[in-house]
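A short write-up of the structure that comes next.
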Amino acid sequence: MSTTPEQAEQQNTPEALWAAETVYRPDLFAGKVALVSGGGSGIGRATALLFARLGAKVAICGRTAEKLDAVVEFARARGAEMIAVPTNVREPEQVEALFARIDDTWGRLDCVVNNAGGQYPQQAIDYAPKGWAAVINNNLNGSWYMMQRAAQYWREHPLPTGVSASIVNVVVVTERGMPGVAHTVAARAGIIGASRTVAVEWAPLGIRVNCVAPGLTATEGLSVYPPEAVREFPLANPMKRPGTAMEIAEGCIYLSASSGRFITGEVLTIDGGGKLWGELWTAGRPEYYKLPG
Ligand SMILES: CCCCC/C=C/C(=O)SCCNC(=O)CCNC(=O)[C@H](O)C(C)(C)COP(=O)(O)OP(=O)(O)OC[C@H]1O[C@@H](n2cnc3c(N)ncnc32)[C@H](O)[C@@H]1OP(=O)(O)O
Ligand SMILES: NC(=O)C1=CN([C@@H]2O[C@H](COP(=O)(O)OP(=O)(O)OC[C@H]3O[C@@H](n4cnc5c(N)ncnc54)[C@H](OP(=O)(O)O)[C@@H]3O)[C@@H](O)[C@H]2O)C=CC1
């Protein structure tokens, strides 16, 4: 199936996401509770809405209450049970309050998708210490606080025997590096390493820990990239198209649901083959790498 960048963008509205075809059955998460960070937009919103369509009760968090409220209003109008909890994942005490709110509301948690994150494009040689720290704080520390608090929650509130808890961390493809966003690649490589390690440490608690690494995906998050980079983005993989938020969401669901019950410590790359072929110049293509003609 081919998808133009314009089509991919059109598929990133709540209405399109709610109507989108999915391979999953509607009651897959009946009785279960999911938490999705960064659920007010893009991949997080697509994942939260898919969890809701599949019967889960869903908590979404992010820093901007208005974005979260719009998603909750949309989902509730379609019969879903969803709450918004404005949270900056970089602040451990706000993460603590988020988990307390979920426990007060539903007294249960099954799945966490740690999707909140972001960075800015710049040549690494010019990063200011404050910028490096902001991106590490957002993507390494923030995801870590969420993972650790979730594990503590499940240690205090074990799920029934035979039911595993799931953490999915949305990262970036780290195998080839990614010019212009070395800070985020460093942070996400840290999360992948931590995930592989705690997948072993937390297996006795019945917790599975995996990562999803999207390739270039058409979401509102792309607005921070320079136009010359955005022009080349759709050509960055052998399929020569961007991914859609729904395609990444379905990967998150695969790992979160019983389909993932024997999978832990893994990275699921959803990038149209981009880690094998394609160039992703997030801060624009430097002169040295310009192609002749
Ligand atoms: C992985 C790449 C694949 C290509 C496609 C990927 C797409 C996506 O991942 S889209 C998804 C996500 N959305 C975003 O990335 C947008 C969100 N980004 C951000 O919010 C910022 O980048 C942030 C993480 C740095 C925000 O943190 P915050 O603490 O709010 O940061 P400040 O704005 O206060 O800035 C702190 C510091 O950072 C440096 N800095 C920030 N922006 C830039 C910039 N555009 N260019 C250069 N430096 C920047 C700077 O040092 C800032 O300090 P001050 O100069 O004192 O403001
Ligand atoms: N789109 C792409 O091509 C790719 C995306 N990714 C990753 O996928 C994830 C989702 O990105 P995408 O949907 O594309 O872009 P968005 O910018 O739409 O999503 C990022 C979400 O994270 C939230 N967020 C950011 N920082 C924080 C924070 N400190 N605390 C709580 N919430 C936060 C934002 O909300 P708010 O600002 O209101 O807090 C926003 O809703 C990100 O981690 C991104 O880096 C990875 C590879 C490629």
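Following the order of the structure tokens, chains are lettered A, B, ..., residues in each are numbered from 1, and ligands are numbered from 1.
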Using only C-alpha atoms and all ligand atoms, find each residue with an atom at most 7 Å away from ligand 2 and format the answer as a short mmCIF file (atom, residue, chain, number, x, y, z; two decimals) with all heavy atoms, in the first residue's frame.
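The resulting file, selection_29.cif, is reproduced below:
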```cif
data_model
loop_
_atom_site.label_atom_id
_atom_site.label_comp_id
_atom_site.auth_asym_id
_atom_site.auth_seq_id
_atom_site.Cartn_x
_atom_site.Cartn_y
_atom_site.Cartn_z
N SER A 37 1.82 8.16 27.70
CA SER A 37 2.36 9.52 27.87
C SER A 37 2.46 10.19 26.51
O SER A 37 2.62 9.53 25.48
CB SER A 37 3.72 9.48 28.58
OG SER A 37 4.70 8.94 27.72
N GLY A 38 2.35 11.51 26.52
CA GLY A 38 2.33 12.24 25.25
C GLY A 38 1.08 11.90 24.46
O GLY A 38 1.09 11.92 23.22
N GLY A 39 -0.02 11.63 25.16
CA GLY A 39 -1.25 11.17 24.50
C GLY A 39 -2.08 12.28 23.87
O GLY A 39 -3.13 12.01 23.29
N GLY A 40 -1.60 13.52 23.94
CA GLY A 40 -2.37 14.63 23.39
C GLY A 40 -2.16 14.85 21.91
O GLY A 40 -2.87 15.65 21.28
N SER A 41 -1.20 14.16 21.31
CA SER A 41 -0.92 14.39 19.87
C SER A 41 -0.21 13.17 19.30
O SER A 41 0.23 12.27 20.02
CB SER A 41 -0.05 15.65 19.70
OG SER A 41 1.19 15.48 20.38
N GLY A 42 -0.13 13.17 17.96
CA GLY A 42 0.72 12.24 17.23
C GLY A 42 0.58 10.77 17.61
O GLY A 42 -0.54 10.23 17.73
N ILE A 43 1.70 10.12 17.77
CA ILE A 43 1.75 8.68 18.03
C ILE A 43 1.05 8.34 19.34
O ILE A 43 0.35 7.33 19.44
CB ILE A 43 3.23 8.21 18.04
CG1 ILE A 43 3.84 8.35 16.64
CG2 ILE A 43 3.35 6.79 18.57
CD1 ILE A 43 5.37 8.22 16.60
N GLY A 44 1.23 9.19 20.35
CA GLY A 44 0.61 8.93 21.65
C GLY A 44 -0.91 8.98 21.56
O GLY A 44 -1.62 8.12 22.12
N CYS A 61 -1.28 11.41 29.51
CA CYS A 61 -0.62 12.55 30.16
C CYS A 61 0.24 13.28 29.15
O CYS A 61 0.55 12.76 28.07
CB CYS A 61 0.19 12.10 31.36
SG CYS A 61 1.70 11.21 30.92
N GLY A 62 0.60 14.49 29.51
CA GLY A 62 1.42 15.37 28.68
C GLY A 62 1.45 16.70 29.44
O GLY A 62 0.78 16.84 30.46
N ARG A 63 2.19 17.66 28.90
CA ARG A 63 2.29 18.92 29.65
C ARG A 63 1.14 19.87 29.36
O ARG A 63 0.85 20.75 30.16
CB ARG A 63 3.62 19.62 29.30
CG ARG A 63 4.83 18.90 29.84
CD ARG A 63 6.09 19.42 29.21
NE ARG A 63 6.07 19.25 27.76
CZ ARG A 63 7.04 19.59 26.95
NH1 ARG A 63 8.14 20.14 27.43
NH2 ARG A 63 6.94 19.40 25.65
N THR A 64 0.48 19.72 28.19
CA THR A 64 -0.51 20.71 27.79
C THR A 64 -1.92 20.18 27.99
O THR A 64 -2.39 19.32 27.23
CB THR A 64 -0.29 21.06 26.29
OG1 THR A 64 1.10 21.23 26.06
CG2 THR A 64 -1.04 22.33 25.91
N LYS A 67 -4.57 20.02 24.99
CA LYS A 67 -4.42 18.94 24.00
C LYS A 67 -4.99 17.63 24.55
O LYS A 67 -5.65 16.87 23.86
CB LYS A 67 -2.93 18.75 23.66
CG LYS A 67 -2.39 19.83 22.78
CD LYS A 67 -0.92 19.74 22.38
CE LYS A 67 -0.08 18.59 22.76
NZ LYS A 67 1.36 18.74 22.45
N THR A 87 0.89 16.28 33.10
CA THR A 87 2.09 15.80 33.81
C THR A 87 3.31 16.13 32.97
O THR A 87 3.32 15.88 31.77
CB THR A 87 2.05 14.23 33.92
OG1 THR A 87 0.83 13.83 34.52
CG2 THR A 87 3.23 13.69 34.70
N ASN A 88 4.35 16.65 33.62
CA ASN A 88 5.65 16.76 32.96
C ASN A 88 6.46 15.54 33.42
O ASN A 88 6.81 15.45 34.60
CB ASN A 88 6.33 18.07 33.38
CG ASN A 88 7.65 18.26 32.65
OD1 ASN A 88 8.23 17.32 32.11
ND2 ASN A 88 8.13 19.49 32.63
N VAL A 89 6.76 14.64 32.50
CA VAL A 89 7.42 13.39 32.91
C VAL A 89 8.84 13.62 33.43
O VAL A 89 9.44 12.71 34.00
CB VAL A 89 7.43 12.33 31.77
CG1 VAL A 89 6.01 11.93 31.38
CG2 VAL A 89 8.23 12.79 30.56
N ARG A 90 9.37 14.83 33.25
CA ARG A 90 10.70 15.11 33.78
C ARG A 90 10.68 15.35 35.29
O ARG A 90 11.74 15.49 35.91
CB ARG A 90 11.27 16.40 33.17
CG ARG A 90 11.46 16.35 31.70
CD ARG A 90 12.11 17.66 31.28
NE ARG A 90 11.74 18.00 29.94
CZ ARG A 90 12.12 19.13 29.35
NH1 ARG A 90 12.87 20.00 29.99
NH2 ARG A 90 11.75 19.38 28.12
N ASN A 115 5.62 7.28 25.59
CA ASN A 115 5.79 7.85 24.25
C ASN A 115 6.25 9.31 24.30
O ASN A 115 6.84 9.80 23.34
CB ASN A 115 4.45 7.70 23.51
CG ASN A 115 4.29 8.69 22.40
OD1 ASN A 115 4.78 8.49 21.30
ND2 ASN A 115 3.59 9.80 22.69
N ALA A 116 6.01 9.99 25.43
CA ALA A 116 6.35 11.42 25.51
C ALA A 116 7.82 11.61 25.20
O ALA A 116 8.67 10.88 25.68
CB ALA A 116 6.04 11.95 26.90
N GLY A 117 8.12 12.61 24.40
CA GLY A 117 9.52 12.88 24.11
C GLY A 117 9.64 13.91 23.02
O GLY A 117 8.65 14.32 22.43
N GLY A 118 10.86 14.28 22.76
CA GLY A 118 11.10 15.24 21.70
C GLY A 118 12.49 15.82 21.81
O GLY A 118 13.20 15.61 22.80
N GLN A 119 12.89 16.51 20.78
CA GLN A 119 14.23 17.07 20.66
C GLN A 119 14.18 18.19 19.65
O GLN A 119 13.15 18.45 19.07
CB GLN A 119 15.22 15.99 20.21
CG GLN A 119 14.87 15.33 18.87
CD GLN A 119 13.73 14.33 18.95
OE1 GLN A 119 13.67 13.57 19.91
NE2 GLN A 119 12.84 14.31 17.98
N ASN A 138 14.37 15.10 29.02
CA ASN A 138 13.06 14.75 28.46
C ASN A 138 12.97 13.27 28.14
O ASN A 138 11.98 12.61 28.48
CB ASN A 138 12.86 15.52 27.15
CG ASN A 138 11.47 16.09 27.01
OD1 ASN A 138 10.79 16.32 27.99
ND2 ASN A 138 11.05 16.31 25.80
N GLY A 142 12.96 11.35 31.87
CA GLY A 142 11.49 11.32 31.92
C GLY A 142 10.96 9.91 31.70
O GLY A 142 10.10 9.42 32.44
N VAL A 170 8.67 4.21 23.56
CA VAL A 170 8.84 4.68 22.18
C VAL A 170 10.18 5.41 22.11
O VAL A 170 10.43 6.36 22.86
CB VAL A 170 7.68 5.60 21.75
CG1 VAL A 170 7.89 6.11 20.33
CG2 VAL A 170 6.35 4.82 21.84
N VAL A 171 11.07 4.94 21.22
CA VAL A 171 12.42 5.49 21.13
C VAL A 171 12.67 5.98 19.70
O VAL A 171 11.73 6.36 19.01
CB VAL A 171 13.45 4.42 21.60
CG1 VAL A 171 13.28 4.12 23.08
CG2 VAL A 171 13.36 3.13 20.77
N VAL A 172 13.90 6.03 19.27
CA VAL A 172 14.20 6.29 17.86
C VAL A 172 15.13 5.17 17.38
O VAL A 172 15.66 4.41 18.20
CB VAL A 172 14.87 7.68 17.62
CG1 VAL A 172 14.00 8.81 18.16
CG2 VAL A 172 16.27 7.74 18.20
N VAL A 173 15.33 5.08 16.09
CA VAL A 173 16.25 4.07 15.55
C VAL A 173 17.67 4.52 15.87
O VAL A 173 18.08 5.62 15.48
CB VAL A 173 16.05 3.91 14.03
CG1 VAL A 173 17.04 2.89 13.47
CG2 VAL A 173 14.61 3.47 13.73
N ALA A 213 10.72 1.46 17.96
CA ALA A 213 11.53 2.50 17.31
C ALA A 213 10.89 2.90 15.99
O ALA A 213 11.04 2.18 14.99
CB ALA A 213 12.95 1.97 17.08
N PRO A 214 10.16 4.02 15.98
CA PRO A 214 9.55 4.44 14.70
C PRO A 214 10.60 5.07 13.80
O PRO A 214 11.53 5.72 14.26
CB PRO A 214 8.55 5.53 15.13
CG PRO A 214 8.55 5.56 16.63
CD PRO A 214 9.83 4.93 17.07
N GLY A 215 10.41 4.88 12.51
CA GLY A 215 11.13 5.71 11.55
C GLY A 215 10.35 7.00 11.38
O GLY A 215 9.46 7.33 12.17
N LEU A 216 10.67 7.71 10.35
CA LEU A 216 10.02 8.99 10.08
C LEU A 216 8.49 8.80 9.98
O LEU A 216 8.02 8.05 9.15
CB LEU A 216 10.61 9.53 8.80
CG LEU A 216 10.49 11.00 8.48
CD1 LEU A 216 9.12 11.34 7.91
CD2 LEU A 216 10.75 11.87 9.72
N THR A 217 7.76 9.46 10.86
CA THR A 217 6.31 9.26 10.97
C THR A 217 5.61 10.60 10.87
O THR A 217 6.03 11.58 11.51
CB THR A 217 6.00 8.60 12.35
OG1 THR A 217 6.84 7.45 12.51
CG2 THR A 217 4.54 8.19 12.45
N ALA A 218 4.55 10.65 10.07
CA ALA A 218 3.88 11.94 9.83
C ALA A 218 3.03 12.34 11.03
O ALA A 218 1.91 11.85 11.21
CB ALA A 218 3.01 11.83 8.58
N THR A 219 3.58 13.20 11.87
CA THR A 219 2.83 13.73 13.02
C THR A 219 3.12 15.23 13.14
O THR A 219 4.03 15.75 12.48
CB THR A 219 3.29 13.09 14.36
OG1 THR A 219 4.63 13.52 14.62
CG2 THR A 219 3.23 11.57 14.32
N GLU A 220 2.40 15.89 14.02
CA GLU A 220 2.63 17.32 14.24
C GLU A 220 4.03 17.59 14.79
O GLU A 220 4.55 18.69 14.67
CB GLU A 220 1.56 17.94 15.14
CG GLU A 220 1.07 17.14 16.33
CD GLU A 220 0.00 16.10 16.00
OE1 GLU A 220 0.32 15.13 15.30
OE2 GLU A 220 -1.14 16.25 16.47
N GLY A 221 4.68 16.56 15.36
CA GLY A 221 6.03 16.71 15.90
C GLY A 221 7.05 17.13 14.84
O GLY A 221 8.09 17.71 15.16
N LEU A 222 6.77 16.88 13.59
CA LEU A 222 7.74 17.20 12.53
C LEU A 222 7.87 18.71 12.29
O LEU A 222 8.77 19.15 11.57
CB LEU A 222 7.36 16.51 11.21
CG LEU A 222 7.37 14.97 11.23
CD1 LEU A 222 7.18 14.44 9.82
CD2 LEU A 222 8.66 14.42 11.82
#
```
Self-check item: stretch 188-226 of chain A: residues DSSP assigns to helix (DSSP H, G or I), reported as an MDAnalysis selection string
Solution: chainID A and resid 188:201 203:205 220:224
Go ahead and dump the residues you just picked, C-alpha atoms, as a short mmCIF file (atom, residue, chain, number, x, y, z; two decimals), in the first residue's frame.
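Result file follows (part.cif):
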```cif
data_model
loop_
_atom_site.label_atom_id
_atom_site.label_comp_id
_atom_site.auth_asym_id
_atom_site.auth_seq_id
_atom_site.Cartn_x
_atom_site.Cartn_y
_atom_site.Cartn_z
CA ARG A 188 17.05 6.70 23.52
CA ALA A 189 20.05 4.34 23.39
CA GLY A 190 20.11 4.73 27.16
CA ILE A 191 16.45 3.75 27.39
CA ILE A 192 17.00 0.74 25.12
CA GLY A 193 19.90 -0.40 27.32
CA ALA A 194 17.92 0.15 30.50
CA SER A 195 14.94 -1.71 29.01
CA ARG A 196 17.04 -4.76 28.15
CA THR A 197 18.43 -4.79 31.67
CA VAL A 198 15.18 -4.32 33.60
CA ALA A 199 13.41 -6.80 31.31
CA VAL A 200 15.48 -9.36 33.23
CA GLU A 201 15.27 -7.69 36.65
CA ALA A 203 10.48 -10.55 34.91
CA PRO A 204 9.95 -12.01 38.41
CA LEU A 205 7.34 -9.25 38.93
CA GLU A 220 2.63 17.32 14.24
CA GLY A 221 6.03 16.71 15.90
CA LEU A 222 7.74 17.20 12.53
CA SER A 223 6.98 20.94 12.64
CA VAL A 224 10.26 21.62 14.52
#
```
Quiz item: Between A:Val113, A:Ala20, A:Leu159, A:Ala8, which is the closest to A:Ser143 once you count only C-alpha atoms?
Solution: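 Under the stated criterion, the closest residue is A:Val113.
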Quiz prompt | Spatial neighbours of A:Tyr254, 12 Å, only C-alpha atoms, chain gap at least 5 places, as a PyMOL selection string | solution = chain A and resi 22-25+28-29+47+50-51+111+113+166-168+210-212+247-249+259-263+268
Exercise. Give me, please, the distance in Å between atom CA of A:Thr174 and atom 1 (C, counted along the ligand's line) of ligand 1, quoted to one decimal.
Key: 9.1 Å
Quiz item: Skipping near chain neighbours, those fewer than 2 positions away, what residues fall within 8 Å of A:Trp154 using only C-alpha atoms, listed as a list in words?
Solution: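 My list of contacting residues is Leu109, Ala150, Ala151, Gln152, Glu156, His157, Pro158, Leu159, Ala165, Leu205 and Ile207 of chain A.
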Okay, now the selection with N, CA and C atoms, as a PDB file, in the first residue's frame?
```
ATOM      1  N   LEU A 109      -3.590  -1.128  36.865  1.00  0.00           N
ATOM      2  CA  LEU A 109      -2.835  -0.674  35.691  1.00  0.00           C
ATOM      3  C   LEU A 109      -2.274  -1.924  35.010  1.00  0.00           C
ATOM      4  N   ALA A 150       6.162   2.735  37.286  1.00  0.00           N
ATOM      5  CA  ALA A 150       5.238   1.671  36.883  1.00  0.00           C
ATOM      6  C   ALA A 150       5.636   0.353  37.536  1.00  0.00           C
ATOM      7  N   ALA A 151       6.922   0.044  37.521  1.00  0.00           N
ATOM      8  CA  ALA A 151       7.378  -1.222  38.135  1.00  0.00           C
ATOM      9  C   ALA A 151       7.064  -1.227  39.633  1.00  0.00           C
ATOM     10  N   GLN A 152       7.283  -0.065  40.270  1.00  0.00           N
ATOM     11  CA  GLN A 152       6.968   0.002  41.709  1.00  0.00           C
ATOM     12  C   GLN A 152       5.472  -0.213  41.927  1.00  0.00           C
ATOM     13  N   GLU A 156       3.700  -3.227  44.153  1.00  0.00           N
ATOM     14  CA  GLU A 156       2.714  -2.995  45.239  1.00  0.00           C
ATOM     15  C   GLU A 156       1.357  -3.597  44.906  1.00  0.00           C
ATOM     16  N   HIS A 157       1.010  -3.642  43.596  1.00  0.00           N
ATOM     17  CA  HIS A 157      -0.315  -4.123  43.163  1.00  0.00           C
ATOM     18  C   HIS A 157      -0.124  -5.204  42.100  1.00  0.00           C
ATOM     19  N   PRO A 158       0.251  -6.406  42.503  1.00  0.00           N
ATOM     20  CA  PRO A 158       0.503  -7.429  41.474  1.00  0.00           C
ATOM     21  C   PRO A 158      -0.757  -7.735  40.675  1.00  0.00           C
ATOM     22  N   LEU A 159      -0.558  -7.994  39.380  1.00  0.00           N
ATOM     23  CA  LEU A 159      -1.686  -8.402  38.529  1.00  0.00           C
ATOM     24  C   LEU A 159      -1.989  -9.877  38.807  1.00  0.00           C
ATOM     25  N   ALA A 165       2.238  -7.561  33.060  1.00  0.00           N
ATOM     26  CA  ALA A 165       2.194  -6.107  32.886  1.00  0.00           C
ATOM     27  C   ALA A 165       3.167  -5.760  31.761  1.00  0.00           C
ATOM     28  N   LEU A 205       8.547 -10.006  38.544  1.00  0.00           N
ATOM     29  CA  LEU A 205       7.336  -9.252  38.928  1.00  0.00           C
ATOM     30  C   LEU A 205       6.249  -9.391  37.858  1.00  0.00           C
ATOM     31  N   ILE A 207       6.569  -8.384  34.743  1.00  0.00           N
ATOM     32  CA  ILE A 207       6.588  -7.174  33.900  1.00  0.00           C
ATOM     33  C   ILE A 207       7.432  -7.424  32.653  1.00  0.00           C
TER      34      ILE A 207
END
```
Quiz prompt | Selected residue of minimal separation from A:Phe233 among A:Gly278, A:Gly31, A:Gly131, A:Pro26, counting only C-alpha atoms | solution =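 Closest residue, counting only C-alpha atoms: A:Gly278.
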Quiz item: If you run DSSP on this backbone, which residues of stretch 43-151 of chain A come out as strand (DSSP E), and could you give them as a list in words?
Solution: Lys57, Val58, Ala59, Ile60, Cys61, Gly62, Met82, Ile83, Ala84, Val85, Pro86, Cys111, Val112, Val113 and Asn114 of chain A
Quiz prompt | Given only C-alpha atoms and all ligand atoms as the counted atoms, nearest of A:Leu54, A:Ala124, A:Ala100, A:Ile60 to ligand 1 | solution =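 The closest residue to ligand 1 is A:Ala124.
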Quiz item: Do you have the atom 24 (C, counted along the ligand's line) of ligand 1-atom CA of A:Gly180 distance handy?
Solution: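 So the two atoms, atom 24 (C, counted along the ligand's line) of ligand 1 and atom CA of A:Gly180, lie 13.5 Å apart.
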Practice problem: Take atom CA of A:Ala229 and atom CA of A:Arg176 and report the distance between them in Å, one decimal. | Solution: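 Result for atom CA of A:Ala229 versus atom CA of A:Arg176: 17.8 Å, one decimal.
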Quiz item: Which of these residues is nearest to ligand 1, using only C-alpha atoms and all ligand atoms: A:Lys130, A:Lys290, A:Arg241, A:Arg155?
Solution: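 Nearest to ligand 1: A:Lys130.
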Write out as a compact mmCIF listing (two decimals) with N, CA and C atoms, in the first residue's frame the residues lying within 6 Å of A:Ala65, counting only C-alpha atoms and excluding same-chain residues fewer than 3 positions away.
```
# COMPACT_ATOMS: atom_id res chain seq x y z
N LEU A 68 -4.72 17.39 25.82
CA LEU A 68 -5.20 16.15 26.45
C LEU A 68 -6.72 16.16 26.54
N ASP A 69 -7.26 17.32 26.95
CA ASP A 69 -8.72 17.43 27.14
C ASP A 69 -9.46 17.18 25.82
N PRO A 86 -2.57 16.12 33.36
CA PRO A 86 -1.43 16.93 32.92
C PRO A 86 -0.19 16.62 33.77
```
Practice problem: Considering only C-alpha atoms and all ligand atoms, state which residue in the set A:Trp106, A:Trp202, A:Trp132, A:Trp277 is at the smallest distance from ligand 1. | Solution: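 Closest to ligand 1, using only C-alpha atoms and all ligand atoms: A:Trp132.
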